[in-house]
There are 2 protein chains.
Amino acid sequence: MVGAIDELITELARLPGIGRKTAQRLTFHLLQQPSDQVSRLAAALTGVVERVRPCGECGNLSEVEQCGICSDPTRDGALLCIVEEPSTVSVVEKATSFRGRYLVLGGRLSPIDGIGPEQLRMGLLRRRIEAGGLREVILATNPSLEGEATSTYIQQLLAGKGIRVTRLARGLPVGGDLEYVDGVTLSHALQARQEVS
Amino acid sequence: MVGAIDELITELARLPGIGRKTAQRLTFHLLQQPSDQVSRLAAALTGVVERVRPCGECGNLSEVEQCGICSDPTRDGALLCIVEEPSTVSVVEKATSFRGRYLVLGGRLSPIDGIGPEQLRMGLLRRRIEAGGLREVILATNPSLEGEATSTYIQQLLAGKGIRVTRLARGLPVGGDLEYVDGVTLSHALQARQEVS
């Protein structure tokens, strides 16, 4: 295998969910494409490295100092949704009609991986709390152990500030099958059962 | 979604087997990596565009005018293995102890896609036949309808030249299960059954 091809296979194989075989298949596919498609992919990669950085206000990814959501005056600044990753912002934006602001922590508390509050954007959050004007904080961390721990930590930060704290509902995934749902989800769903009008 | 991120998602989603969701996941993964990993991937892509081209002699991918296999004097030049794609060369090289040379057609005959002999490297093959000295040609096209048609076409080119023509054996895949093997493979395997010593 020649050097340039091997290098590309190695780099592609670093991506999550892509093993060496898939990386090889992708490489040979790319080699059969017009070279400008490959160049466009290379340029797109260079583009994100050079242009994308965290928004100074909310931590979301942005090409400018203040991201489009933070600089949008029609958004409700008193309603703050706290998420772990930028990808969650785009999921919420696409799927819901949420019109508040976000705070992107950049991860979750995980002492075992050496991630404490200092490794997350808790400073931005504190500044936001101190600035005042918050009516409600929605905790939208992942429904995992670390996500829950992160939410609990933030709950403590917010205690006694007169801010409403909510979190995303736990329950059955729509389209799911009762037979395959896990016990914890099911007991959450039972506990939080909703009135049928 | 900001422009640079969207561009990268779009370019990644062009790859085979990668839908928009996976492209999004890969993009957000890359955004969390140190920027030099992303730059290395971009450089590797640019590298194949700039440095890799078909070998002038066999059509295999190479960074030099004559590929490493064609320029290797210890290889048997009288033994020629004809394959459709460069990826097959690397598979054969890795898995077998084949020490002959290759000819990479660059595809298979497929009139429905407008691919006739002129779209393949039949010119290189003719030159190779005319140069003389060939003892055996191994047809290693894919065991598909188009692959078989391509092999038949080459067989006709070689007819009456006194060159031995062989093809890869058809039979049961090792590790396969008789229950799931298709009928055509099974009847091939039965017809070509081998003596047990």
# chains A, B, ... in the order shown; residues from 1 in each chain; ligands from 1

$ closest_atom_pairs --of "chain B" --to "chain A" --cutoff "9 Å" --atoms "only C-alpha atoms" --output "Markdown table"
| residue | atom | partner | partner_atom | distance |
| --- | --- | --- | --- | --- |
| B:Met1 | CA | A:Ser90 | CA | 6.8 |
| B:Val2 | CA | A:Ser62 | CA | 6.2 |
| B:Gly3 | CA | A:Glu63 | CA | 8.0 |
| B:Ala4 | CA | A:Val48 | CA | 5.4 |
| B:Ile5 | CA | A:Val48 | CA | 6.1 |
| B:Asp6 | CA | A:Ala44 | CA | 9.0 |
| B:Glu7 | CA | A:Ala44 | CA | 6.0 |
| B:Leu8 | CA | A:Ala44 | CA | 4.9 |
| B:Ile9 | CA | A:Ala44 | CA | 8.6 |
| B:Thr10 | CA | A:Leu41 | CA | 8.9 |
| B:Glu11 | CA | A:Leu41 | CA | 5.4 |
| B:Leu12 | CA | A:Leu41 | CA | 7.0 |
| B:Leu15 | CA | A:Leu26 | CA | 6.9 |
| B:Pro16 | CA | A:Leu26 | CA | 7.1 |
| B:Gly17 | CA | A:Leu26 | CA | 8.9 |
| B:Gln24 | CA | A:Ser87 | CA | 8.2 |
| B:Arg25 | CA | A:Ser87 | CA | 8.0 |
| B:Leu26 | CA | A:Leu15 | CA | 6.9 |
| B:Thr27 | CA | A:Leu45 | CA | 8.9 |
| B:Phe28 | CA | A:Ser87 | CA | 6.5 |
| B:His29 | CA | A:Pro16 | CA | 7.7 |
| B:Leu30 | CA | A:Leu15 | CA | 7.9 |
| B:Leu31 | CA | A:Val48 | CA | 7.5 |
| B:Ser35 | CA | A:Val49 | CA | 5.8 |
| B:Asp36 | CA | A:Val49 | CA | 8.4 |
| B:Gln37 | CA | A:Glu11 | CA | 8.0 |
| B:Val38 | CA | A:Leu45 | CA | 6.3 |
| B:Ser39 | CA | A:Thr46 | CA | 6.1 |
| B:Arg40 | CA | A:Glu11 | CA | 7.2 |
| B:Leu41 | CA | A:Glu11 | CA | 5.4 |
| B:Ala42 | CA | A:Ala42 | CA | 4.3 |
| B:Ala43 | CA | A:Ala42 | CA | 7.0 |
| B:Ala44 | CA | A:Leu8 | CA | 4.9 |
| B:Leu45 | CA | A:Ala42 | CA | 5.8 |
| B:Thr46 | CA | A:Ser39 | CA | 6.1 |
| B:Gly47 | CA | A:Ala4 | CA | 5.7 |
| B:Val48 | CA | A:Ala4 | CA | 5.4 |
| B:Val49 | CA | A:Ser35 | CA | 5.8 |
| B:Glu50 | CA | A:Ser35 | CA | 8.7 |
| B:Arg51 | CA | A:Ala4 | CA | 7.0 |
| B:Val52 | CA | A:Ala4 | CA | 7.1 |
| B:Arg53 | CA | A:Leu31 | CA | 8.9 |
| B:Leu61 | CA | A:Val2 | CA | 7.8 |
| B:Ser62 | CA | A:Val2 | CA | 6.3 |
| B:Glu63 | CA | A:Val2 | CA | 6.7 |
| B:Cys67 | CA | A:Val2 | CA | 8.8 |
| B:Gly68 | CA | A:Val2 | CA | 8.4 |
| B:Glu85 | CA | A:Phe28 | CA | 8.8 |
| B:Pro86 | CA | A:Phe28 | CA | 7.7 |
| B:Ser87 | CA | A:Phe28 | CA | 6.5 |
| B:Ser90 | CA | A:Met1 | CA | 6.8 |

$ select_by_dssp --residues "region 26-160 of chain A" --states "alpha helix (DSSP H)" --output "mmCIF file with C-alpha atoms, in the first residue's frame"
data_model
loop_
_atom_site.group_PDB
_atom_site.id
_atom_site.type_symbol
_atom_site.label_atom_id
_atom_site.label_comp_id
_atom_site.auth_asym_id
_atom_site.auth_seq_id
_atom_site.Cartn_x
_atom_site.Cartn_y
_atom_site.Cartn_z
ATOM 1 C CA LEU A 26 -13.977 4.769 2.188
ATOM 2 C CA THR A 27 -10.462 5.492 0.958
ATOM 3 C CA PHE A 28 -10.868 3.436 -2.198
ATOM 4 C CA HIS A 29 -14.249 5.054 -2.735
ATOM 5 C CA LEU A 30 -12.694 8.514 -2.440
ATOM 6 C CA LEU A 31 -9.954 7.515 -4.872
ATOM 7 C CA GLN A 32 -12.620 6.772 -7.460
ATOM 8 C CA SER A 35 -10.572 14.847 -7.105
ATOM 9 C CA ASP A 36 -12.548 18.029 -6.377
ATOM 10 C CA GLN A 37 -14.959 16.094 -4.145
ATOM 11 C CA VAL A 38 -12.034 14.901 -2.033
ATOM 12 C CA SER A 39 -10.596 18.412 -1.989
ATOM 13 C CA ARG A 40 -13.952 19.815 -0.863
ATOM 14 C CA LEU A 41 -13.991 17.368 2.067
ATOM 15 C CA ALA A 42 -10.427 18.390 2.976
ATOM 16 C CA ALA A 43 -11.418 22.063 2.758
ATOM 17 C CA ALA A 44 -14.492 21.467 4.925
ATOM 18 C CA LEU A 45 -12.284 19.881 7.592
ATOM 19 C CA THR A 46 -9.827 22.764 7.465
ATOM 20 C CA GLY A 47 -12.842 25.097 7.605
ATOM 21 C CA VAL A 48 -14.116 23.818 10.930
ATOM 22 C CA VAL A 49 -10.618 23.906 12.431
ATOM 23 C CA GLU A 50 -10.088 27.505 11.364
ATOM 24 C CA ARG A 51 -13.516 29.019 11.730
ATOM 25 C CA PRO A 86 -23.250 21.362 21.158
ATOM 26 C CA SER A 87 -24.878 18.474 19.277
ATOM 27 C CA THR A 88 -27.766 18.568 21.759
ATOM 28 C CA VAL A 89 -28.411 22.207 20.882
ATOM 29 C CA SER A 90 -28.925 21.358 17.235
ATOM 30 C CA VAL A 91 -31.167 18.399 18.124
ATOM 31 C CA VAL A 92 -33.366 20.574 20.387
ATOM 32 C CA GLU A 93 -33.443 23.368 17.809
ATOM 33 C CA LYS A 94 -34.507 20.994 15.061
ATOM 34 C CA ALA A 95 -37.076 18.957 16.984
ATOM 35 C CA MET A 122 -19.564 26.278 35.221
ATOM 36 C CA GLY A 123 -17.931 29.729 35.221
ATOM 37 C CA LEU A 124 -20.205 30.844 32.380
ATOM 38 C CA LEU A 125 -23.173 29.441 34.285
ATOM 39 C CA ARG A 126 -22.253 31.256 37.514
ATOM 40 C CA ARG A 127 -21.861 34.514 35.592
ATOM 41 C CA ARG A 128 -25.289 33.956 34.064
ATOM 42 C CA ILE A 129 -26.847 33.336 37.481
ATOM 43 C CA GLU A 130 -25.174 36.390 39.000
ATOM 44 C CA ALA A 131 -26.278 38.591 36.115
ATOM 45 C CA LEU A 145 -25.334 8.447 35.702
ATOM 46 C CA GLU A 146 -22.852 11.232 34.900
ATOM 47 C CA GLY A 147 -25.561 13.397 33.375
ATOM 48 C CA GLU A 148 -27.698 13.056 36.504
ATOM 49 C CA ALA A 149 -24.729 13.872 38.732
ATOM 50 C CA THR A 150 -24.037 16.982 36.648
ATOM 51 C CA SER A 151 -27.669 18.061 36.981
ATOM 52 C CA THR A 152 -27.601 17.513 40.737
ATOM 53 C CA TYR A 153 -24.481 19.695 40.987
ATOM 54 C CA ILE A 154 -26.181 22.491 39.031
ATOM 55 C CA GLN A 155 -29.338 22.145 41.143
ATOM 56 C CA GLN A 156 -27.200 22.925 44.196
ATOM 57 C CA LEU A 157 -25.727 25.987 42.483
ATOM 58 C CA LEU A 158 -29.255 27.224 41.825
#

$ select_by_dssp --residues "region 38-193 of chain B" --states "strand (DSSP E or B)" --output "JSON, numbers by chain"
{"B": [53, 54, 61, 62, 76, 77, 78, 79, 80, 81, 82, 83, 100, 101, 102, 103, 104, 110, 115, 136, 137, 138, 139, 164, 165, 166, 167]}

$ write_last_selection --atoms "C-alpha atoms" --output "compact mmCIF listing (two decimals), in the first residue's frame"
# COMPACT_ATOMS: atom_id res chain seq x y z
CA ARG B 53 -2.42 8.21 -9.61
CA PRO B 54 -2.77 4.99 -11.63
CA LEU B 61 -2.75 3.12 -7.53
CA SER B 62 0.72 4.48 -7.05
CA ASP B 76 6.97 -13.22 -12.06
CA GLY B 77 6.08 -11.08 -15.10
CA ALA B 78 4.73 -14.11 -16.97
CA LEU B 79 1.90 -14.52 -14.45
CA LEU B 80 -0.79 -11.84 -14.69
CA CYS B 81 -3.74 -11.44 -12.33
CA ILE B 82 -6.56 -9.30 -13.75
CA VAL B 83 -8.75 -7.50 -11.21
CA GLY B 100 3.02 -12.38 -10.15
CA ARG B 101 1.91 -9.03 -11.57
CA TYR B 102 -1.51 -7.38 -11.80
CA LEU B 103 -3.65 -5.54 -14.27
CA VAL B 104 -6.30 -3.30 -12.77
CA SER B 110 -21.71 -2.83 -17.68
CA ILE B 115 -19.25 1.09 -19.45
CA GLU B 136 -0.81 -17.56 -17.43
CA VAL B 137 -3.60 -15.04 -16.92
CA ILE B 138 -5.70 -15.35 -13.75
CA LEU B 139 -9.15 -13.81 -14.09
CA ARG B 164 -3.17 -20.46 -19.99
CA VAL B 165 -6.32 -18.76 -18.66
CA THR B 166 -7.61 -19.55 -15.16
CA ARG B 167 -10.07 -18.00 -12.77

$ residues_around --residues "Ala192 (chain B)" --least-positions-apart "2" --cutoff "9 Å" --atoms "only C-alpha atoms" --output "PyMOL selection string"
chain B and resi 169-171+187-190+194

$ write_last_selection --atoms "all heavy atoms" --output "compact mmCIF listing (two decimals), in the first residue's frame"
# COMPACT_ATOMS: atom_id res chain seq x y z
N ALA B 169 -11.30 -20.02 -7.95
CA ALA B 169 -12.25 -21.12 -7.73
C ALA B 169 -13.54 -20.60 -7.11
O ALA B 169 -13.53 -19.70 -6.28
CB ALA B 169 -11.62 -22.17 -6.82
N ARG B 170 -14.67 -21.19 -7.55
CA ARG B 170 -15.95 -20.95 -6.90
C ARG B 170 -16.19 -22.08 -5.91
O ARG B 170 -15.83 -23.22 -6.19
CB ARG B 170 -17.08 -20.97 -7.93
CG ARG B 170 -17.46 -19.62 -8.48
CD ARG B 170 -16.35 -19.06 -9.29
NE ARG B 170 -16.75 -17.84 -9.99
CZ ARG B 170 -15.92 -16.88 -10.30
NH1 ARG B 170 -14.64 -16.96 -9.96
NH2 ARG B 170 -16.34 -15.83 -10.95
N GLY B 171 -16.78 -21.79 -4.79
CA GLY B 171 -17.05 -22.84 -3.82
C GLY B 171 -17.57 -22.26 -2.52
O GLY B 171 -17.94 -21.07 -2.46
N SER B 187 -24.07 -25.28 -6.10
CA SER B 187 -23.96 -26.18 -7.26
C SER B 187 -22.56 -26.06 -7.88
O SER B 187 -22.01 -27.03 -8.38
CB SER B 187 -25.07 -25.91 -8.27
OG SER B 187 -24.87 -24.69 -8.90
N HIS B 188 -21.97 -24.85 -7.81
CA HIS B 188 -20.57 -24.68 -8.24
C HIS B 188 -19.66 -25.57 -7.39
O HIS B 188 -18.75 -26.23 -7.89
CB HIS B 188 -20.13 -23.23 -8.06
CG HIS B 188 -20.25 -22.42 -9.30
ND1 HIS B 188 -19.52 -22.69 -10.44
CD2 HIS B 188 -21.01 -21.35 -9.59
CE1 HIS B 188 -19.83 -21.80 -11.37
NE2 HIS B 188 -20.74 -20.98 -10.89
N ALA B 189 -19.90 -25.53 -6.07
CA ALA B 189 -19.05 -26.27 -5.13
C ALA B 189 -19.17 -27.77 -5.37
O ALA B 189 -18.18 -28.52 -5.24
CB ALA B 189 -19.43 -25.92 -3.70
N LEU B 190 -20.37 -28.21 -5.71
CA LEU B 190 -20.60 -29.63 -5.96
C LEU B 190 -19.89 -30.06 -7.25
O LEU B 190 -19.18 -31.07 -7.29
CB LEU B 190 -22.11 -29.91 -6.06
CG LEU B 190 -22.48 -31.38 -6.21
CD1 LEU B 190 -22.15 -32.16 -4.94
CD2 LEU B 190 -23.97 -31.53 -6.53
N GLN B 194 -13.61 -31.52 -4.70
CA GLN B 194 -12.20 -31.87 -4.70
C GLN B 194 -11.94 -33.18 -3.97
O GLN B 194 -12.56 -33.47 -2.95
CB GLN B 194 -11.39 -30.73 -4.06
CG GLN B 194 -11.37 -29.47 -4.91
CD GLN B 194 -11.35 -28.20 -4.07
OE1 GLN B 194 -11.43 -28.25 -2.85
NE2 GLN B 194 -11.23 -27.07 -4.75

$ decode --residues "region 103-117 of chain A" --atoms "all heavy atoms" --output "PDB file, in the first residue's frame"
ATOM      1  N   LEU A 103     -27.001  26.883  27.531  1.00  0.00           N
ATOM      2  CA  LEU A 103     -25.657  26.912  28.063  1.00  0.00           C
ATOM      3  C   LEU A 103     -25.052  25.535  27.812  1.00  0.00           C
ATOM      4  O   LEU A 103     -25.618  24.521  28.234  1.00  0.00           O
ATOM      5  CB  LEU A 103     -25.643  27.239  29.555  1.00  0.00           C
ATOM      6  CG  LEU A 103     -24.217  27.603  30.003  1.00  0.00           C
ATOM      7  CD1 LEU A 103     -24.204  28.907  30.757  1.00  0.00           C
ATOM      8  CD2 LEU A 103     -23.566  26.497  30.771  1.00  0.00           C
ATOM      9  N   VAL A 104     -23.951  25.510  27.074  1.00  0.00           N
ATOM     10  CA  VAL A 104     -23.331  24.239  26.703  1.00  0.00           C
ATOM     11  C   VAL A 104     -22.160  23.974  27.646  1.00  0.00           C
ATOM     12  O   VAL A 104     -21.154  24.692  27.624  1.00  0.00           O
ATOM     13  CB  VAL A 104     -22.829  24.274  25.244  1.00  0.00           C
ATOM     14  CG1 VAL A 104     -22.210  22.942  24.868  1.00  0.00           C
ATOM     15  CG2 VAL A 104     -23.981  24.616  24.299  1.00  0.00           C
ATOM     16  N   LEU A 105     -22.295  22.948  28.483  1.00  0.00           N
ATOM     17  CA  LEU A 105     -21.277  22.671  29.505  1.00  0.00           C
ATOM     18  C   LEU A 105     -19.961  22.185  28.899  1.00  0.00           C
ATOM     19  O   LEU A 105     -18.889  22.411  29.439  1.00  0.00           O
ATOM     20  CB  LEU A 105     -21.799  21.620  30.488  1.00  0.00           C
ATOM     21  CG  LEU A 105     -23.007  22.035  31.334  1.00  0.00           C
ATOM     22  CD1 LEU A 105     -23.550  20.829  32.087  1.00  0.00           C
ATOM     23  CD2 LEU A 105     -22.598  23.140  32.312  1.00  0.00           C
ATOM     24  N   GLY A 106     -20.051  21.485  27.779  1.00  0.00           N
ATOM     25  CA  GLY A 106     -18.839  20.913  27.184  1.00  0.00           C
ATOM     26  C   GLY A 106     -18.473  19.580  27.814  1.00  0.00           C
ATOM     27  O   GLY A 106     -17.301  19.183  27.791  1.00  0.00           O
ATOM     28  N   GLY A 107     -19.470  18.868  28.340  1.00  0.00           N
ATOM     29  CA  GLY A 107     -19.209  17.550  28.923  1.00  0.00           C
ATOM     30  C   GLY A 107     -20.080  17.318  30.136  1.00  0.00           C
ATOM     31  O   GLY A 107     -21.070  18.022  30.346  1.00  0.00           O
ATOM     32  N   ARG A 108     -19.699  16.331  30.927  1.00  0.00           N
ATOM     33  CA  ARG A 108     -20.454  15.997  32.134  1.00  0.00           C
ATOM     34  C   ARG A 108     -19.462  15.692  33.241  1.00  0.00           C
ATOM     35  O   ARG A 108     -18.306  15.331  32.949  1.00  0.00           O
ATOM     36  CB  ARG A 108     -21.347  14.794  31.855  1.00  0.00           C
ATOM     37  CG  ARG A 108     -20.568  13.533  31.469  1.00  0.00           C
ATOM     38  CD  ARG A 108     -21.315  12.716  30.466  1.00  0.00           C
ATOM     39  NE  ARG A 108     -21.479  13.438  29.212  1.00  0.00           N
ATOM     40  CZ  ARG A 108     -20.585  13.450  28.210  1.00  0.00           C
ATOM     41  NH1 ARG A 108     -19.461  12.803  28.318  1.00  0.00           N
ATOM     42  NH2 ARG A 108     -20.804  14.127  27.111  1.00  0.00           N
ATOM     43  N   LEU A 109     -19.882  15.854  34.475  1.00  0.00           N
ATOM     44  CA  LEU A 109     -19.023  15.524  35.613  1.00  0.00           C
ATOM     45  C   LEU A 109     -18.686  14.047  35.565  1.00  0.00           C
ATOM     46  O   LEU A 109     -19.574  13.205  35.415  1.00  0.00           O
ATOM     47  CB  LEU A 109     -19.739  15.837  36.938  1.00  0.00           C
ATOM     48  CG  LEU A 109     -19.979  17.309  37.267  1.00  0.00           C
ATOM     49  CD1 LEU A 109     -20.722  17.418  38.585  1.00  0.00           C
ATOM     50  CD2 LEU A 109     -18.661  18.056  37.324  1.00  0.00           C
ATOM     51  N   SER A 110     -17.411  13.717  35.669  1.00  0.00           N
ATOM     52  CA  SER A 110     -17.011  12.321  35.644  1.00  0.00           C
ATOM     53  C   SER A 110     -15.665  12.203  36.339  1.00  0.00           C
ATOM     54  O   SER A 110     -14.610  12.211  35.698  1.00  0.00           O
ATOM     55  CB  SER A 110     -16.934  11.842  34.188  1.00  0.00           C
ATOM     56  OG  SER A 110     -16.498  10.510  34.145  1.00  0.00           O
ATOM     57  N   PRO A 111     -15.694  12.122  37.674  1.00  0.00           N
ATOM     58  CA  PRO A 111     -14.448  12.121  38.456  1.00  0.00           C
ATOM     59  C   PRO A 111     -13.472  11.055  37.964  1.00  0.00           C
ATOM     60  O   PRO A 111     -12.261  11.256  37.959  1.00  0.00           O
ATOM     61  CB  PRO A 111     -14.934  11.804  39.875  1.00  0.00           C
ATOM     62  CG  PRO A 111     -16.387  12.170  39.890  1.00  0.00           C
ATOM     63  CD  PRO A 111     -16.889  11.957  38.511  1.00  0.00           C
ATOM     64  N   ILE A 112     -14.026   9.904  37.520  1.00  0.00           N
ATOM     65  CA  ILE A 112     -13.162   8.805  37.093  1.00  0.00           C
ATOM     66  C   ILE A 112     -12.317   9.176  35.879  1.00  0.00           C
ATOM     67  O   ILE A 112     -11.222   8.671  35.669  1.00  0.00           O
ATOM     68  CB  ILE A 112     -14.017   7.533  36.851  1.00  0.00           C
ATOM     69  CG1 ILE A 112     -13.199   6.298  37.193  1.00  0.00           C
ATOM     70  CG2 ILE A 112     -14.542   7.471  35.438  1.00  0.00           C
ATOM     71  CD1 ILE A 112     -14.044   5.041  37.325  1.00  0.00           C
ATOM     72  N   ASP A 113     -12.850  10.108  35.049  1.00  0.00           N
ATOM     73  CA  ASP A 113     -12.082  10.601  33.898  1.00  0.00           C
ATOM     74  C   ASP A 113     -11.394  11.926  34.216  1.00  0.00           C
ATOM     75  O   ASP A 113     -10.890  12.604  33.314  1.00  0.00           O
ATOM     76  CB  ASP A 113     -13.005  10.800  32.688  1.00  0.00           C
ATOM     77  CG  ASP A 113     -13.736   9.529  32.298  1.00  0.00           C
ATOM     78  OD1 ASP A 113     -13.060   8.485  32.204  1.00  0.00           O
ATOM     79  OD2 ASP A 113     -14.964   9.571  32.093  1.00  0.00           O
ATOM     80  N   GLY A 114     -11.411  12.308  35.482  1.00  0.00           N
ATOM     81  CA  GLY A 114     -10.761  13.561  35.870  1.00  0.00           C
ATOM     82  C   GLY A 114     -11.519  14.801  35.430  1.00  0.00           C
ATOM     83  O   GLY A 114     -10.929  15.860  35.255  1.00  0.00           O
ATOM     84  N   ILE A 115     -12.839  14.668  35.219  1.00  0.00           N
ATOM     85  CA  ILE A 115     -13.628  15.829  34.810  1.00  0.00           C
ATOM     86  C   ILE A 115     -14.457  16.328  35.984  1.00  0.00           C
ATOM     87  O   ILE A 115     -15.441  15.702  36.388  1.00  0.00           O
ATOM     88  CB  ILE A 115     -14.527  15.504  33.603  1.00  0.00           C
ATOM     89  CG1 ILE A 115     -13.636  15.106  32.424  1.00  0.00           C
ATOM     90  CG2 ILE A 115     -15.400  16.715  33.219  1.00  0.00           C
ATOM     91  CD1 ILE A 115     -14.384  14.619  31.226  1.00  0.00           C
ATOM     92  N   GLY A 116     -14.013  17.430  36.567  1.00  0.00           N
ATOM     93  CA  GLY A 116     -14.730  18.079  37.660  1.00  0.00           C
ATOM     94  C   GLY A 116     -15.402  19.336  37.132  1.00  0.00           C
ATOM     95  O   GLY A 116     -15.338  19.620  35.934  1.00  0.00           O
ATOM     96  N   PRO A 117     -16.012  20.118  38.017  1.00  0.00           N
ATOM     97  CA  PRO A 117     -16.704  21.343  37.592  1.00  0.00           C
ATOM     98  C   PRO A 117     -15.774  22.303  36.838  1.00  0.00           C
ATOM     99  O   PRO A 117     -16.224  23.025  35.948  1.00  0.00           O
ATOM    100  CB  PRO A 117     -17.167  21.954  38.907  1.00  0.00           C
ATOM    101  CG  PRO A 117     -17.226  20.824  39.871  1.00  0.00           C
ATOM    102  CD  PRO A 117     -16.160  19.863  39.453  1.00  0.00           C
TER     103      PRO A 117
END
